[in-house]
Every structure is written in structure tokens, then in C-alpha cells.
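This report refers to the structure that appears directly beneath it.
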Amino acid sequence: MRCANDGRKAVAKISYPTIALCRDCFNSYVERRFLDEVRKWKLIEPNEKLALALSGGKDSLVALYLIHKFFPENEIIAIAIDEGIGKFRELSLLQAEKYCKLWDVDLRKFSFLEEFGFEIRSIARKVRNVCTYCGTLRRYLINKKARELRAQKVVVGHNLDDEAETILMSSFKSNLMDLLKLGPIAGILDHPKFIPRVKPLRKLYGKEIETFARLNGIKVVPKKCPYIKYSYRYGIRRLLNSLEAKEPGTKFRILEAFDESFPALKQKIKLEVKLSECKNCGEPSSTSLCRCCQLLRSVKLK
Ligand code: SF4
Ligand code: ZN
């Protein structure tokens, strides 16, 4: 197989359109996609202090690698959260430590146990949809810690698959507010306590990021979180993967359609709805009790 650009030996394929490329052309493709997204939406500005949500998985490690490579002037702090999942997270956090050391990035670790007094494992014994709890609590903690560390943006490694899945999940649940929170800069409403969350990898397929990691010597833990199979996302993921296999580009088109239709509506809502603060914890919230406090109360942990 030969590279479609220069005829050299192809070592990887981009997902859509399916094209075989050599190592250099594949790396250039990934880096261009990343930089185009950063520039188009002004995701990273000069001198901004960045907090990067680092799980130690392929997406966040590649996001860190690319930011470290292309934005050396920006101060970066990696924030790693140990949710208390067990072996899976222990291994991925070891990877996070390893690469932060290698790239000389300041890594700060926090845990659910220290911050909330329990591990996600104990929630998993009480509820089936453990991902709802884990994801909400993790976002809450990352925002809080990023703010305390005086970061101006939180960088997350969400890829195209994640984004397309979330668009469908919010659509199927008919949750307009959650849908509008999506996009290259997550969230709809401004609040001094809310640190904008940016997604520079959202135009890259998970497979492309995996290949990029492999070609650039970034080793990732092959294990998956044991709780993912109980989530609503898992079902949507399987559905989308089978559609993508039959009709390549499905996920990409979902994202394109979203980007074309939602900015105007997002702007309208921004003018009409105001974020206030949770009466329990003081974190930004559009309801009197924030989502995190609601969930903690629902499992009687607060
Ligand atoms: Fe948490 Fe679910 Fe992700 Fe596992 S799959 S880390 S439980 S959100
Ligand atoms: Zn709260």
C-alpha cells in the first residue's frame, strides 16, 4: 500500500475519506486538523494558562503532546482525577505520570476519595448508570481545580466519536440544553467561576488518534473502564460504529450538521438564561442545586 500523497510506504489510514498515508503525511494530517480547530475557534490564545484534563488515555495524552509541541509558550498544568475505578485508572494514571515527567509538564492529582469522601466503585454498587455520576463529578472537580490553579481554559481530549455520540445522546433524550452545551467550546453560559472547556481534537476520529499515538511512541493502556458497558453512551457507540462501518463519514457529518445549525441558537439562549451559583456548594449552576450536589444527594452521600 502506497501513500496517496507521495507514493512512499503507507503505514496508516485516515478514517474519512479513507486514504492511506505514510508516517509523515499522517502526522501532518493530524497536526493540521488539530491546529485548524484551535485557530478556527480561538481555542488557545497566546499566554493563556491552560489546565489539561489528563486521564492517561490516548486522547488526553495526544492532546497534551500536541499542545506541548505547538504551544510551548503557554503554561500547562495537567489535572488527573482518580475516580476510584480500580486497576484501569491506576494504570492510566501511571501513563499520565510517565508522560508528564517526559515532557516536563506540571501534574496535579486529585481523587474522588479525598474530595467527595468515596470512590466511584461504591456508587457503582448502588446505581446502574455510574457514568452519569462519574462524568458529572469529574467535570465539577476539574472546573473547580482549574479555577483554583488560575487556569483560563480547560483542554479536554474529546474526539469526533465522543462528540457525535454526545450529540445523538442529547438528541435522543430530547435534552436541548445539554445539546447546546456541546461544540468546540463546551458550555453555553458565562460565569466567573466557570472555566471554558475547549476540545481541539473534536475533528479527529478516535482511531486516528490511536494511530497517531502509536506512530509517535505514545503508549496507552489497552484496558477499558469496566463500567462503560452499563452506560447509555455504550449503546449509542455501538449503533454509530455500525452505521460508520456501512456509511463512512456518518460521525463526521453529524458533527458538521451540528456546527452549522447550533451556534445561532446557542447565542440566543446565552442572552436569555443566566448562570447563578449552587446554594449548597457555591459552584456555577443554572438550577438552585447544581447537578453534582443533586447526584450526591440522590445517593445520600451528602
Ligand atoms: Fe467514569 Fe464511565 Fe468513563 Fe468509566 S466509562 S471513567 S465510569 S464516565
Ligand atoms: Zn453544588
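By order of appearance in the C-alpha cells: chains A, B, ..., then residues from 1 within every chain, and ligands from 1 in the order shown.
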Which residues of segment 78-156 of chain A sit at most 10 Å from segment 273-284 of chain A, using only C-alpha atoms? Give each one's shortest atom pair and distance in Å (one decimal place), in chain and ascending residue order, as CSV.
residue,atom,partner,partner_atom,distance
A:Tyr140,CA,A:Glu283,CA,8.3
A:Asn143,CA,A:Glu283,CA,9.2
A:Lys144,CA,A:Glu283,CA,7.9
Write to file, as a PDB file, in the first residue's frame, the residues of the selection just made, with N, CA, C and O atoms.
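After the write, again.pdb holds the following:
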ATOM      1  N   TYR A 140     -17.061  18.566  37.391  1.00  0.00           N
ATOM      2  CA  TYR A 140     -17.197  19.500  38.515  1.00  0.00           C
ATOM      3  C   TYR A 140     -15.829  19.752  39.165  1.00  0.00           C
ATOM      4  O   TYR A 140     -15.416  20.883  39.376  1.00  0.00           O
ATOM      5  N   ASN A 143     -13.272  21.586  36.832  1.00  0.00           N
ATOM      6  CA  ASN A 143     -13.544  23.028  36.749  1.00  0.00           C
ATOM      7  C   ASN A 143     -13.070  23.739  38.016  1.00  0.00           C
ATOM      8  O   ASN A 143     -12.410  24.774  37.960  1.00  0.00           O
ATOM      9  N   LYS A 144     -13.395  23.140  39.160  1.00  0.00           N
ATOM     10  CA  LYS A 144     -13.033  23.748  40.441  1.00  0.00           C
ATOM     11  C   LYS A 144     -11.499  23.840  40.607  1.00  0.00           C
ATOM     12  O   LYS A 144     -10.966  24.883  40.977  1.00  0.00           O
TER      13      LYS A 144
END
Every residue of segment 144-293 of chain A that DSSP places in alpha helix (DSSP H), as a ChimeraX atom specification: /A:144-148,160-172,176-180,206-215,232-246,250-272,291-293
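Contact shell of segment 121-124 of chain A at 7 Å (only C-alpha atoms; same-chain neighbours under 4 positions omitted): Gly84, Ile85, Arg128 and Val130 of chain A.
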Near segment 4-8 of chain A, counting only C-alpha atoms, which residues have an atom at most 9 Å away, once you skip same-chain residues fewer than 4 positions from it, shown as a tab-separated table (two decimals) with all heavy atoms, in the first residue's frame?
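As a result, around.tsv now contains:
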chain	number	residue	atom	x	y	z
A	19	ILE	N	-8.18	7.18	3.33
A	19	ILE	CA	-6.99	7.38	2.49
A	19	ILE	C	-5.78	6.83	3.23
A	19	ILE	O	-5.60	7.12	4.41
A	19	ILE	CB	-6.78	8.89	2.18
A	19	ILE	CG1	-7.95	9.45	1.36
A	19	ILE	CG2	-5.47	9.13	1.43
A	19	ILE	CD1	-7.91	10.96	1.20
A	20	ALA	N	-4.94	6.08	2.50
A	20	ALA	CA	-3.72	5.55	3.11
A	20	ALA	C	-2.60	6.59	3.01
A	20	ALA	O	-2.46	7.25	1.98
A	20	ALA	CB	-3.32	4.26	2.41
A	21	LEU	N	-1.84	6.73	4.11
A	21	LEU	CA	-0.77	7.73	4.12
A	21	LEU	C	0.50	7.16	4.73
A	21	LEU	O	0.45	6.22	5.54
A	21	LEU	CB	-1.20	8.96	4.94
A	21	LEU	CG	-2.38	9.78	4.43
A	21	LEU	CD1	-2.74	10.87	5.44
A	21	LEU	CD2	-2.09	10.41	3.06
A	22	CYS	N	1.63	7.77	4.38
A	22	CYS	CA	2.89	7.40	5.03
A	22	CYS	C	2.93	8.08	6.41
A	22	CYS	O	2.07	8.90	6.73
A	22	CYS	CB	4.08	7.82	4.18
A	22	CYS	SG	4.26	9.60	4.07
A	25	CYS	N	3.01	12.03	6.31
A	25	CYS	CA	1.75	12.64	5.82
A	25	CYS	C	0.63	12.43	6.85
A	25	CYS	O	-0.21	13.31	7.04
A	25	CYS	CB	1.35	12.06	4.47
A	25	CYS	SG	2.45	12.61	3.15
Atom-to-atom span, atom CA of Gly183 of chain A and atom CA of Ala257 of chain A, Å: 11.4 Å
Given only C-alpha atoms as the counted atoms, nearest of A:Ala264, A:Cys290, A:Leu50, A:Leu204 to Ile188 of chain A: A:Ala264
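Residues surrounding Ser111 of chain A within 7 Å are Ile81, Asp82 and Glu83 of chain A [only C-alpha atoms; sequence separation below 6 positions excluded].
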Long-range neighbours of segment 103-106 of chain A as a PyMOL selection string, 10 Å cut-off, only C-alpha atoms, 6 positions minimum in chain: chain A and resi 51+64-65+68-69+75-79+97
Shortest interatomic distance to Asn74 of chain A - which of A:Lys153, A:Ile142, A:Tyr133, A:Ile120, counting only C-alpha atoms: A:Lys153
Contact table chain A vs ligand 1, cut-off 9 Å, shortest pair per residue, only C-alpha atoms and all ligand atoms, as a tab-separated table:
residue	atom	partner	partner_atom_place_in_ligand_line	distance
A:Ser55	CA	ligand 1	6 (S)	8.7
A:Glu83	CA	ligand 1	1 (Fe)	7.2
A:Ile85	CA	ligand 1	7 (S)	7.1
A:Phe88	CA	ligand 1	6 (S)	8.9
A:Arg89	CA	ligand 1	6 (S)	7.8
A:Ile120	CA	ligand 1	7 (S)	7.3
A:Arg121	CA	ligand 1	7 (S)	8.6
A:Ala124	CA	ligand 1	7 (S)	8.3
A:Asn129	CA	ligand 1	2 (Fe)	8.3
A:Val130	CA	ligand 1	7 (S)	5.7
A:Cys131	CA	ligand 1	2 (Fe)	3.5
A:Thr132	CA	ligand 1	8 (S)	6.6
A:Tyr133	CA	ligand 1	8 (S)	7.5
A:Cys134	CA	ligand 1	1 (Fe)	4.5
A:Gly135	CA	ligand 1	8 (S)	4.6
A:Thr136	CA	ligand 1	8 (S)	8.3
A:Arg138	CA	ligand 1	1 (Fe)	8.1
A:Lys224	CA	ligand 1	5 (S)	7.7
A:Cys225	CA	ligand 1	4 (Fe)	4.6
A:Pro226	CA	ligand 1	4 (Fe)	6.5
A:Tyr227	CA	ligand 1	7 (S)	4.9
A:Ile228	CA	ligand 1	5 (S)	4.0
A:Lys229	CA	ligand 1	5 (S)	7.8
A:Tyr230	CA	ligand 1	2 (Fe)	8.3
A:Ser231	CA	ligand 1	2 (Fe)	7.0
A:Arg233	CA	ligand 1	5 (S)	8.9
A:Tyr234	CA	ligand 1	5 (S)	8.8
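For the choices A:Val62, A:Leu141, A:Val30, A:Val198, the atom-to-atom distance to ligand 2 is smallest for A:Leu141 when using only C-alpha atoms and all ligand atoms.
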